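Working notes, structure below.
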Amino acid sequence: MASEMNTKDASPRPTSIDPGEIEKFRAMAAEWWDPNGKFRPLHKFNPTRLAFIRDEIISHFGLETASRHPLQGLRVLDIGCGGGLVSEPMARMGASMTSVDAGEANIKTAMTHAEENGIKIDYRVGAVEGLIEAGEAPFDVVLNLEVVEHVANPEQFLKDTASLVRPGGLMILATINRTPKAFALAVVAAEYVLGWLPRGTHEFDKFVRPREMERALASGGMDVAHWQGVTYNPLADKWSLTQDVAVNYLCVATRPG
């Protein structure tokens, strides 16, 4: 509810924030919940990644699969939450959500939508550094989805987010690989040919290879459990999981208990 939400500043020293990237998404903030708008690819992708996230969390913590609220009792952090496309479903599954984004317009959109749907989420404007400086307690699960390719210092960002995972906890990441195939599909095709995303949404040089991610997470005390590719079938207009991580991929990492 509105009285239970806030826009606390979680970012006294936002070293991971790239102002240019924030401006890109500020301009699109009002369209987050339009399934046919600029975020249509995310709406199409969301069911696949949410099912993956749910199953990984249930498996890792040994939770009840058939429960209506299987994530009840878990503290979950959604870094770079945007308009709340993942935060809201996670909250509906019972998770206690803290969701942070550097774009104030994104957070206002997310808060309004959550309020309209009676969903309680602790939304905050800011970045991961602010949570650390404020002494935020580590979380059971940290979601790091489509964010690392938009930050100023990916390696430090990954280390910082890793520090917010409690011992025995889990981090789930999603990003784009830095490969010729990813450039062709995620940049040229998605932005310039098909027009799925505004031109300039992604910068190829900021894409992160799996081994680069693994090294950064390891320096933050995390172990990569496995990778999962995600691919789009244009004929079926559907995303699905695959073993091919050459373009979009998910990563599951754990902190030893």
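Chain labels A, B, ... are given in the sequence in which chains occur in the structure tokens; within each chain residues are numbered consecutively from 1, and ligands are likewise numbered from 1 in the order shown.
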
Quick one: residues within 10 Å of region 134-142 of chain A, only C-alpha atoms counted, chain neighbours fewer than 2 positions away excluded, as a PyMOL selection string?
chain A and resi 9-12+57+61+73-79+95-99+128-132+144-145+161-173+253-255

Residues flagged strand (DSSP E or B) by DSSP in region 72-216 of chain A, as a ChimeraX atom specification
/A:75-79,96-101,122-125,139-145,165-176

For Ser219 (chain A), work out the shell of residues within 12 Å, counting only C-alpha atoms and skipping chain neighbours fewer than 4 positions away, then give it as a VMD selection string.
chain A and resid 155 to 163 212 to 215 223 to 224 255

Residue contacts of region 176-191 of chain A (12 Å, only C-alpha atoms) excluding same-chain residues fewer than 3 positions away, as JSON, numbers by chain
{"A": [38, 39, 40, 41, 145, 146, 147, 148, 149, 150, 173, 194, 195, 196, 197, 198, 199, 200, 201, 202, 203, 204, 205, 206, 207, 208, 209, 210, 211, 212, 213, 227, 228, 229, 230, 231, 232, 234, 244, 245, 246, 247, 248, 249, 250, 251]}

Region 12-225 of chain A: which residues are alpha helix (DSSP H) by DSSP, as a PDB file with C-alpha atoms, in the first residue's frame?
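So the final result, stored in out28.pdb, reads:
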ATOM      1  CA  PRO A  19      23.996   8.624 -15.958  1.00  0.00           C
ATOM      2  CA  GLY A  20      23.589   8.013 -19.674  1.00  0.00           C
ATOM      3  CA  GLU A  21      22.067   4.600 -19.066  1.00  0.00           C
ATOM      4  CA  ILE A  22      19.688   5.982 -16.436  1.00  0.00           C
ATOM      5  CA  GLU A  23      18.475   8.639 -18.876  1.00  0.00           C
ATOM      6  CA  LYS A  24      17.662   6.000 -21.486  1.00  0.00           C
ATOM      7  CA  PHE A  25      15.288   4.214 -19.124  1.00  0.00           C
ATOM      8  CA  ARG A  26      13.916   7.402 -17.557  1.00  0.00           C
ATOM      9  CA  ARG A  40       7.396  -5.740 -25.096  1.00  0.00           C
ATOM     10  CA  PRO A  41      10.501  -8.010 -25.316  1.00  0.00           C
ATOM     11  CA  LEU A  42      10.718  -8.104 -21.516  1.00  0.00           C
ATOM     12  CA  HIS A  43       7.022  -8.961 -21.218  1.00  0.00           C
ATOM     13  CA  LYS A  44       7.568 -11.815 -23.668  1.00  0.00           C
ATOM     14  CA  PHE A  45      10.723 -12.938 -21.841  1.00  0.00           C
ATOM     15  CA  ASN A  46       9.293 -12.582 -18.326  1.00  0.00           C
ATOM     16  CA  PRO A  47       7.354 -15.880 -18.013  1.00  0.00           C
ATOM     17  CA  THR A  48      10.432 -17.895 -18.991  1.00  0.00           C
ATOM     18  CA  ARG A  49      12.817 -16.155 -16.596  1.00  0.00           C
ATOM     19  CA  LEU A  50      10.292 -16.077 -13.741  1.00  0.00           C
ATOM     20  CA  ALA A  51       9.724 -19.828 -14.017  1.00  0.00           C
ATOM     21  CA  PHE A  52      13.497 -20.339 -14.003  1.00  0.00           C
ATOM     22  CA  ILE A  53      13.984 -18.071 -10.973  1.00  0.00           C
ATOM     23  CA  ARG A  54      11.130 -19.704  -9.045  1.00  0.00           C
ATOM     24  CA  ASP A  55      12.392 -23.223  -9.718  1.00  0.00           C
ATOM     25  CA  GLU A  56      16.002 -22.368  -8.807  1.00  0.00           C
ATOM     26  CA  ILE A  57      15.000 -20.765  -5.512  1.00  0.00           C
ATOM     27  CA  ILE A  58      12.657 -23.620  -4.584  1.00  0.00           C
ATOM     28  CA  SER A  59      15.329 -26.183  -5.389  1.00  0.00           C
ATOM     29  CA  HIS A  60      18.112 -24.343  -3.562  1.00  0.00           C
ATOM     30  CA  PHE A  61      16.178 -23.808  -0.337  1.00  0.00           C
ATOM     31  CA  SER A  87       9.422  -7.716  -8.197  1.00  0.00           C
ATOM     32  CA  GLU A  88       5.630  -7.942  -8.294  1.00  0.00           C
ATOM     33  CA  PRO A  89       5.399 -11.637  -9.254  1.00  0.00           C
ATOM     34  CA  MET A  90       8.054 -12.454  -6.649  1.00  0.00           C
ATOM     35  CA  ALA A  91       6.042 -10.641  -3.988  1.00  0.00           C
ATOM     36  CA  ARG A  92       2.915 -12.546  -5.068  1.00  0.00           C
ATOM     37  CA  GLU A 104      13.411   7.791  -9.845  1.00  0.00           C
ATOM     38  CA  ALA A 105      10.872   7.688 -12.693  1.00  0.00           C
ATOM     39  CA  ASN A 106      11.141   3.892 -12.792  1.00  0.00           C
ATOM     40  CA  ILE A 107      10.561   3.609  -9.048  1.00  0.00           C
ATOM     41  CA  LYS A 108       7.576   5.944  -9.134  1.00  0.00           C
ATOM     42  CA  THR A 109       6.064   3.850 -11.937  1.00  0.00           C
ATOM     43  CA  ALA A 110       6.733   0.649  -9.991  1.00  0.00           C
ATOM     44  CA  MET A 111       5.291   2.028  -6.754  1.00  0.00           C
ATOM     45  CA  THR A 112       2.139   3.265  -8.458  1.00  0.00           C
ATOM     46  CA  HIS A 113       1.522  -0.081 -10.161  1.00  0.00           C
ATOM     47  CA  ALA A 114       2.143  -2.042  -6.949  1.00  0.00           C
ATOM     48  CA  GLU A 115      -0.181   0.247  -4.996  1.00  0.00           C
ATOM     49  CA  GLU A 116      -2.927  -0.145  -7.580  1.00  0.00           C
ATOM     50  CA  VAL A 128      23.828  -1.189  -4.529  1.00  0.00           C
ATOM     51  CA  GLU A 129      26.511   1.002  -2.915  1.00  0.00           C
ATOM     52  CA  GLY A 130      23.868   2.803  -0.895  1.00  0.00           C
ATOM     53  CA  LEU A 131      22.566  -0.456   0.538  1.00  0.00           C
ATOM     54  CA  ILE A 132      26.083  -1.441   1.563  1.00  0.00           C
ATOM     55  CA  GLU A 133      26.860   1.927   3.166  1.00  0.00           C
ATOM     56  CA  PRO A 154      30.703  -4.255 -14.100  1.00  0.00           C
ATOM     57  CA  GLU A 155      33.420  -6.059 -12.114  1.00  0.00           C
ATOM     58  CA  GLN A 156      32.995  -3.885  -9.002  1.00  0.00           C
ATOM     59  CA  PHE A 157      29.223  -3.995  -9.384  1.00  0.00           C
ATOM     60  CA  LEU A 158      29.261  -7.788  -9.340  1.00  0.00           C
ATOM     61  CA  LYS A 159      31.505  -7.827  -6.267  1.00  0.00           C
ATOM     62  CA  ASP A 160      29.230  -5.368  -4.478  1.00  0.00           C
ATOM     63  CA  THR A 161      26.038  -7.245  -5.268  1.00  0.00           C
ATOM     64  CA  ALA A 162      27.701 -10.484  -4.164  1.00  0.00           C
ATOM     65  CA  PRO A 180      29.500 -11.659 -32.585  1.00  0.00           C
ATOM     66  CA  LYS A 181      26.217 -13.580 -32.448  1.00  0.00           C
ATOM     67  CA  ALA A 182      24.992 -11.370 -29.596  1.00  0.00           C
ATOM     68  CA  PRO A 210      30.366 -15.718 -18.606  1.00  0.00           C
ATOM     69  CA  ARG A 211      33.975 -16.240 -17.534  1.00  0.00           C
ATOM     70  CA  GLU A 212      34.366 -12.533 -16.749  1.00  0.00           C
ATOM     71  CA  MET A 213      31.260 -12.741 -14.601  1.00  0.00           C
ATOM     72  CA  GLU A 214      32.513 -15.879 -12.908  1.00  0.00           C
ATOM     73  CA  ARG A 215      35.841 -14.249 -11.985  1.00  0.00           C
ATOM     74  CA  ALA A 216      34.143 -11.175 -10.541  1.00  0.00           C
ATOM     75  CA  LEU A 217      31.678 -13.261  -8.524  1.00  0.00           C
ATOM     76  CA  ALA A 218      34.483 -15.494  -7.248  1.00  0.00           C
ATOM     77  CA  SER A 219      36.349 -12.424  -5.987  1.00  0.00           C
TER      78      SER A 219
END

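Taking CA of Gly118 (chain A) and CA of Asn36 (chain A) as endpoints, the distance between them is 23.7 Å.
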
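We find CA of Lys120 (chain A) and CA of Val151 (chain A) to be spaced 27.5 Å apart.
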
Measuring atom to atom with only C-alpha atoms, identify which of A:Leu143, A:Asp101, A:Ala174, A:His69 is nearest to Gly126 (chain A).
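Among the listed residues, the smallest separation from Gly126 (chain A) belongs to A:Asp101.
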
Which of these, A:Glu31, A:Gly103, A:Ala127, A:Pro256, has the shortest distance to Ala225 (chain A) once you count only C-alpha atoms?
A:Pro256

Of the candidates A:Ser67, A:Gly62, A:Gly83, A:Lys238, which one gets nearest to Asp34 (chain A) if we count only C-alpha atoms?
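When distances to Asp34 (chain A) are compared using only C-alpha atoms, the smallest one comes from A:Gly83.
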